[in-house]
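These notes concern the structure reproduced below.
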Amino acid sequence: MSETRRQAPHHVPQSSVRTSRDRKIDQALLTQCLALYLVTDRDLCPGRSTREIVAAAVAGGVTCVQIREKNSTTRAFLEEAGSVHHILRNTGVPLIINDRVDVALAVGADGVHLGQSDMPLFEARKLLGQDAIIGISAENLDDALQAEEHGADYIAISPVFRTLTKTNTALPLGLDGIALLRAHVSIPVVGIGGIDAHNAPQVLRAGCHGVAVVSAIVAAADPQQAAAELKHIITRTLEESCTNPPTPAF
Ligand code: TZP
Ligand code: MG
């Protein structure tokens, strides 16, 4: 894992998500990095490379990037992750690898994102160490409670709404599901699944610290503009929520 101190973009305080204390994740900073979380999908951007999409999305203001390669060879995944790592260097935007702890280690990514049938958190933590960011997809309250208990750094509530991007999802948890999970865990939570510029404010008002999107940026005609629009909406909604915090549910 590289110890490079990343230069934060304007929206992220000027320090690394990883700090030099015991547990190296700075949770407040990680929470900010989850505000607009891009998950890549090469099948949704024919004619454009994942690198181009990531560069445009970062210029538009995404605060975290996850490389998700479901149909690639290990070598192609490594190459993609390596070049995205290069793009993100000195931006303050963390690089997260979907599913593959080995790829994360090989490219020196900031962390991994694991689903319920991927490597268990405990094993991933053993391999990656205390200063890696590990996110877990939670499809219900039990998943979320277990993820927090086992030391996840954040949870992705998955899916919030119906989506065509991923076919093997659990039933959508909806806004009530966000409120329920958020009421029972104290680590940061992002929503994923069917989120776009129209419904992002509802997802944040229901209790998510950020939104994770695939098609809203990757499949947009202008990914930079799509990211910038989402970022603007998210920033405004989060600022409003600071003055009007959501009523705790359940
Ligand atoms: N995990 C749960 S839903 C999903 C993933 C990767 C896909 C979300 O895609 P979109 O296009 O933002 O609905
Ligand atoms: Mg997975």
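Residue numbers start at 1 in each chain; chains themselves are named A, B, ... in the order of the structure tokens; ligands are numbered from 1 in the order shown.
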Just want the 9 Å neighbourhood of Thr235 in chain A, counted on only C-alpha atoms, with same-chain residues fewer than 5 positions away dropped. Output as a PDB file with C-alpha atoms, in the first residue's frame.
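Written out: selection-v5.pdb:
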```
ATOM      1  CA  ALA A  35     -20.118  12.049  -0.869  1.00  0.00           C
ATOM      2  CA  LEU A 230     -24.544  15.524  -9.002  1.00  0.00           C
ATOM      3  CA  GLU A 240     -29.051  21.791   4.207  1.00  0.00           C
TER       4      GLU A 240
END
```
- Task: Check which residues fall inside 8 Å of ligand 1 when counting only C-alpha atoms and all ligand atoms, and print them as a ChimeraX atom specification.
- Result: /A:39,68,137,157-166,169,192-196,212-216
- Message: Please report the interatomic distance between CA of Leu36 in chain A and CA of His232 in chain A in Å with one decimal.
- Response: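 Here the two named atoms are 10.1 Å from each other.
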- Task: List every residue of range 34-213 of chain A that DSSP, applied to the backbone of this structure, places in strand (DSSP E or B), and write the result as a ChimeraX atom specification.
- Result: /A:36-39,64-67,95-98,111-114,133-138,154-157,189-192,210-213
Produce a file of the selected residues containing C-alpha atoms, as a short mmCIF file (atom, residue, chain, number, x, y, z; two decimals), in the first residue's frame.
```cif
data_model
loop_
_atom_site.label_atom_id
_atom_site.label_comp_id
_atom_site.auth_asym_id
_atom_site.auth_seq_id
_atom_site.Cartn_x
_atom_site.Cartn_y
_atom_site.Cartn_z
CA LEU A 36 -20.03 11.27 -4.60
CA TYR A 37 -18.72 7.79 -5.19
CA LEU A 38 -18.20 6.64 -8.78
CA VAL A 39 -18.33 2.91 -9.55
CA CYS A 64 -14.14 8.37 -4.52
CA VAL A 65 -13.61 5.91 -7.39
CA GLN A 66 -14.24 2.18 -7.34
CA ILE A 67 -12.99 0.07 -10.23
CA LEU A 95 -9.10 4.31 -5.27
CA ILE A 96 -11.20 1.33 -4.19
CA ILE A 97 -11.10 -2.06 -5.94
CA ASN A 98 -14.27 -4.11 -6.25
CA GLY A 111 -8.97 -0.20 -0.29
CA VAL A 112 -11.52 -2.75 -1.44
CA HIS A 113 -15.26 -3.04 -1.66
CA LEU A 114 -16.67 -6.47 -0.81
CA ILE A 133 -10.37 1.20 3.51
CA ILE A 134 -12.77 -1.75 3.45
CA GLY A 135 -16.36 -1.18 2.39
CA ILE A 136 -19.11 -3.79 2.57
CA SER A 137 -22.36 -4.08 0.62
CA ALA A 138 -25.25 -4.54 3.04
CA TYR A 154 -18.21 2.07 5.49
CA ILE A 155 -21.34 0.33 4.27
CA ALA A 156 -23.02 0.52 0.88
CA ILE A 157 -26.78 0.07 1.22
CA VAL A 189 -23.13 4.73 4.77
CA VAL A 190 -23.57 5.31 1.05
CA GLY A 191 -26.57 4.34 -1.02
CA ILE A 192 -26.18 2.51 -4.33
CA GLY A 210 -23.08 9.92 0.19
CA VAL A 211 -24.30 8.33 -3.02
CA ALA A 212 -22.60 5.75 -5.21
CA VAL A 213 -23.52 5.79 -8.88
#
```
- Item | A:Asp43, A:Asp26, A:Gly92, A:Gly115 ranked by distance to ligand 2, top pick (using only C-alpha atoms and all ligand atoms) | A:Gly115
Would you list the contacts of Ala132 in chain A as a CSV table (one decimal) with N, CA and C atoms, in the first residue's frame, taking every protein, DNA or RNA residue within 9 Å and counting only C-alpha atoms, but skipping same-chain residues closer than 6 positions in sequence?
```csv
chain,number,residue,atom,x,y,z
A,1,MET,N,0.8,-1.2,0.0
A,1,MET,CA,0.0,0.0,0.0
A,1,MET,C,0.9,1.3,0.0
A,18,ARG,N,-5.9,8.3,5.1
A,18,ARG,CA,-5.2,7.5,6.1
A,18,ARG,C,-4.4,8.5,6.9
A,24,LYS,N,-5.7,3.7,10.9
A,24,LYS,CA,-5.2,4.8,10.1
A,24,LYS,C,-6.2,5.6,9.3
A,25,ILE,N,-7.5,5.1,9.4
A,25,ILE,CA,-8.5,5.8,8.7
A,25,ILE,C,-9.0,7.0,9.5
A,109,ALA,N,-3.8,0.2,-4.1
A,109,ALA,CA,-5.1,0.9,-4.0
A,109,ALA,C,-5.3,1.3,-2.5
A,110,ASP,N,-6.3,2.2,-2.3
A,110,ASP,CA,-6.6,2.6,-0.9
A,110,ASP,C,-7.4,1.6,-0.2
A,111,GLY,N,-8.1,0.8,-1.0
A,111,GLY,CA,-9.0,-0.2,-0.3
A,111,GLY,C,-9.8,-1.1,-1.2
A,112,VAL,N,-10.7,-1.8,-0.7
A,112,VAL,CA,-11.5,-2.7,-1.4
A,112,VAL,C,-13.0,-2.6,-1.1
A,125,ARG,N,-9.1,-8.0,5.9
A,125,ARG,CA,-8.4,-7.1,6.8
A,125,ARG,C,-7.0,-7.7,7.1
A,153,ASP,N,-15.1,-0.1,7.2
A,153,ASP,CA,-15.0,1.3,7.3
A,153,ASP,C,-16.2,2.1,6.8
```
- Message: I'd like to know which of A:Cys208, A:Ala226, A:Leu105, A:Ile217 is closest to Thr40 in chain A, using only C-alpha atoms.
- Response: A:Ile217
- Running DSSP on the backbone, which parts of range 11-138 of chain A land in alpha helix (DSSP H), as an NGL selection string? :A and (27-33 or 50-60 or 74-88 or 101-107 or 121-128)
Take the residues that were just selected and, keeping N, CA and C atoms, output them as a short mmCIF file (atom, residue, chain, number, x, y, z; two decimals), in the first residue's frame.
```cif
data_model
loop_
_atom_site.label_atom_id
_atom_site.label_comp_id
_atom_site.auth_asym_id
_atom_site.auth_seq_id
_atom_site.Cartn_x
_atom_site.Cartn_y
_atom_site.Cartn_z
N GLN A 27 -12.04 8.94 10.00
CA GLN A 27 -13.43 8.67 9.62
C GLN A 27 -14.15 9.90 9.08
N ALA A 28 -13.82 11.07 9.63
CA ALA A 28 -14.49 12.28 9.15
C ALA A 28 -14.11 12.53 7.69
N LEU A 29 -12.85 12.33 7.39
CA LEU A 29 -12.39 12.56 6.02
C LEU A 29 -12.94 11.49 5.07
N LEU A 30 -12.97 10.26 5.56
CA LEU A 30 -13.54 9.19 4.73
C LEU A 30 -15.00 9.52 4.41
N THR A 31 -15.73 10.01 5.40
CA THR A 31 -17.14 10.35 5.18
C THR A 31 -17.25 11.38 4.05
N GLN A 32 -16.38 12.36 4.06
CA GLN A 32 -16.41 13.36 2.98
C GLN A 32 -16.09 12.75 1.63
N CYS A 33 -15.16 11.78 1.67
CA CYS A 33 -14.78 11.13 0.40
C CYS A 33 -15.91 10.27 -0.17
N THR A 50 -12.54 3.37 -19.51
CA THR A 50 -12.77 3.65 -18.08
C THR A 50 -11.88 4.81 -17.63
N ARG A 51 -10.65 4.85 -18.13
CA ARG A 51 -9.74 5.95 -17.77
C ARG A 51 -10.32 7.31 -18.13
N GLU A 52 -10.85 7.41 -19.36
CA GLU A 52 -11.44 8.69 -19.79
C GLU A 52 -12.61 9.07 -18.88
N ILE A 53 -13.45 8.08 -18.58
CA ILE A 53 -14.61 8.36 -17.73
C ILE A 53 -14.13 8.83 -16.35
N VAL A 54 -13.15 8.12 -15.79
CA VAL A 54 -12.66 8.50 -14.45
C VAL A 54 -12.07 9.90 -14.48
N ALA A 55 -11.26 10.21 -15.50
CA ALA A 55 -10.64 11.53 -15.56
C ALA A 55 -11.72 12.62 -15.63
N ALA A 56 -12.74 12.37 -16.45
CA ALA A 56 -13.81 13.36 -16.59
C ALA A 56 -14.59 13.48 -15.27
N ALA A 57 -14.86 12.34 -14.66
CA ALA A 57 -15.66 12.35 -13.42
C ALA A 57 -14.90 13.06 -12.29
N VAL A 58 -13.60 12.87 -12.24
CA VAL A 58 -12.80 13.55 -11.20
C VAL A 58 -12.80 15.06 -11.48
N ALA A 59 -12.68 15.43 -12.74
CA ALA A 59 -12.74 16.86 -13.07
C ALA A 59 -14.11 17.43 -12.68
N GLY A 60 -15.14 16.59 -12.75
CA GLY A 60 -16.49 17.05 -12.37
C GLY A 60 -16.72 17.04 -10.87
N THR A 74 -7.75 -11.13 -15.08
CA THR A 74 -7.00 -10.52 -13.97
C THR A 74 -6.01 -9.50 -14.52
N ARG A 75 -5.39 -9.83 -15.66
CA ARG A 75 -4.38 -8.91 -16.19
C ARG A 75 -5.01 -7.59 -16.64
N ALA A 76 -6.16 -7.71 -17.31
CA ALA A 76 -6.83 -6.49 -17.78
C ALA A 76 -7.31 -5.66 -16.58
N PHE A 77 -7.77 -6.32 -15.54
CA PHE A 77 -8.22 -5.62 -14.32
C PHE A 77 -7.03 -4.86 -13.72
N LEU A 78 -5.90 -5.55 -13.64
CA LEU A 78 -4.70 -4.92 -13.07
C LEU A 78 -4.28 -3.70 -13.88
N GLU A 79 -4.33 -3.83 -15.20
CA GLU A 79 -3.91 -2.71 -16.05
C GLU A 79 -4.85 -1.53 -15.87
N GLU A 80 -6.14 -1.83 -15.84
CA GLU A 80 -7.12 -0.76 -15.66
C GLU A 80 -6.93 -0.07 -14.31
N ALA A 81 -6.81 -0.89 -13.28
CA ALA A 81 -6.66 -0.32 -11.93
C ALA A 81 -5.37 0.49 -11.82
N GLY A 82 -4.31 -0.01 -12.46
CA GLY A 82 -3.03 0.70 -12.42
C GLY A 82 -3.14 2.06 -13.09
N SER A 83 -3.83 2.11 -14.23
CA SER A 83 -3.89 3.41 -14.91
C SER A 83 -4.83 4.36 -14.18
N VAL A 84 -5.88 3.84 -13.57
CA VAL A 84 -6.75 4.73 -12.79
C VAL A 84 -6.01 5.23 -11.54
N HIS A 85 -5.21 4.35 -10.95
CA HIS A 85 -4.40 4.76 -9.80
C HIS A 85 -3.53 5.96 -10.18
N HIS A 86 -2.97 5.89 -11.38
CA HIS A 86 -2.12 6.97 -11.86
C HIS A 86 -2.93 8.27 -12.02
N ILE A 87 -4.12 8.15 -12.57
CA ILE A 87 -4.97 9.34 -12.76
C ILE A 87 -5.32 9.98 -11.41
N LEU A 88 -5.53 9.12 -10.40
CA LEU A 88 -5.99 9.65 -9.10
C LEU A 88 -4.86 10.17 -8.22
N VAL A 101 -9.06 -8.42 -3.56
CA VAL A 101 -8.04 -8.00 -2.60
C VAL A 101 -6.65 -8.08 -3.23
N ASP A 102 -6.44 -9.10 -4.07
CA ASP A 102 -5.12 -9.25 -4.70
C ASP A 102 -4.81 -8.08 -5.64
N VAL A 103 -5.83 -7.63 -6.38
CA VAL A 103 -5.62 -6.50 -7.30
C VAL A 103 -5.35 -5.23 -6.49
N ALA A 104 -6.08 -5.06 -5.40
CA ALA A 104 -5.87 -3.87 -4.55
C ALA A 104 -4.44 -3.84 -4.03
N LEU A 105 -3.96 -4.99 -3.58
CA LEU A 105 -2.59 -5.06 -3.07
C LEU A 105 -1.58 -4.78 -4.18
N ALA A 106 -1.82 -5.38 -5.34
CA ALA A 106 -0.85 -5.26 -6.43
C ALA A 106 -0.70 -3.83 -6.91
N VAL A 107 -1.80 -3.07 -6.96
CA VAL A 107 -1.69 -1.70 -7.48
C VAL A 107 -1.52 -0.66 -6.39
N LEU A 121 -14.67 -10.09 5.40
CA LEU A 121 -13.96 -8.90 5.89
C LEU A 121 -12.74 -9.26 6.74
N PHE A 122 -12.92 -10.24 7.61
CA PHE A 122 -11.83 -10.59 8.53
C PHE A 122 -10.57 -10.99 7.75
N GLU A 123 -10.74 -11.84 6.73
CA GLU A 123 -9.60 -12.28 5.94
C GLU A 123 -9.01 -11.12 5.12
N ALA A 124 -9.92 -10.31 4.57
CA ALA A 124 -9.45 -9.18 3.77
C ALA A 124 -8.63 -8.23 4.64
N ARG A 125 -9.09 -8.00 5.86
CA ARG A 125 -8.36 -7.10 6.77
C ARG A 125 -6.98 -7.67 7.09
N LYS A 126 -6.93 -9.00 7.28
CA LYS A 126 -5.62 -9.63 7.57
C LYS A 126 -4.65 -9.37 6.43
N LEU A 127 -5.14 -9.47 5.21
CA LEU A 127 -4.26 -9.30 4.06
C LEU A 127 -3.91 -7.84 3.79
N LEU A 128 -4.89 -6.96 3.99
CA LEU A 128 -4.70 -5.56 3.58
C LEU A 128 -4.14 -4.68 4.69
#
```
- Using only C-alpha atoms, which residue out of A:Ile233, A:Ala144, A:Leu238, A:Cys45 lies closest to His184 in chain A?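 Once distances to His184 in chain A are computed over only C-alpha atoms, the minimum belongs to A:Ala144.
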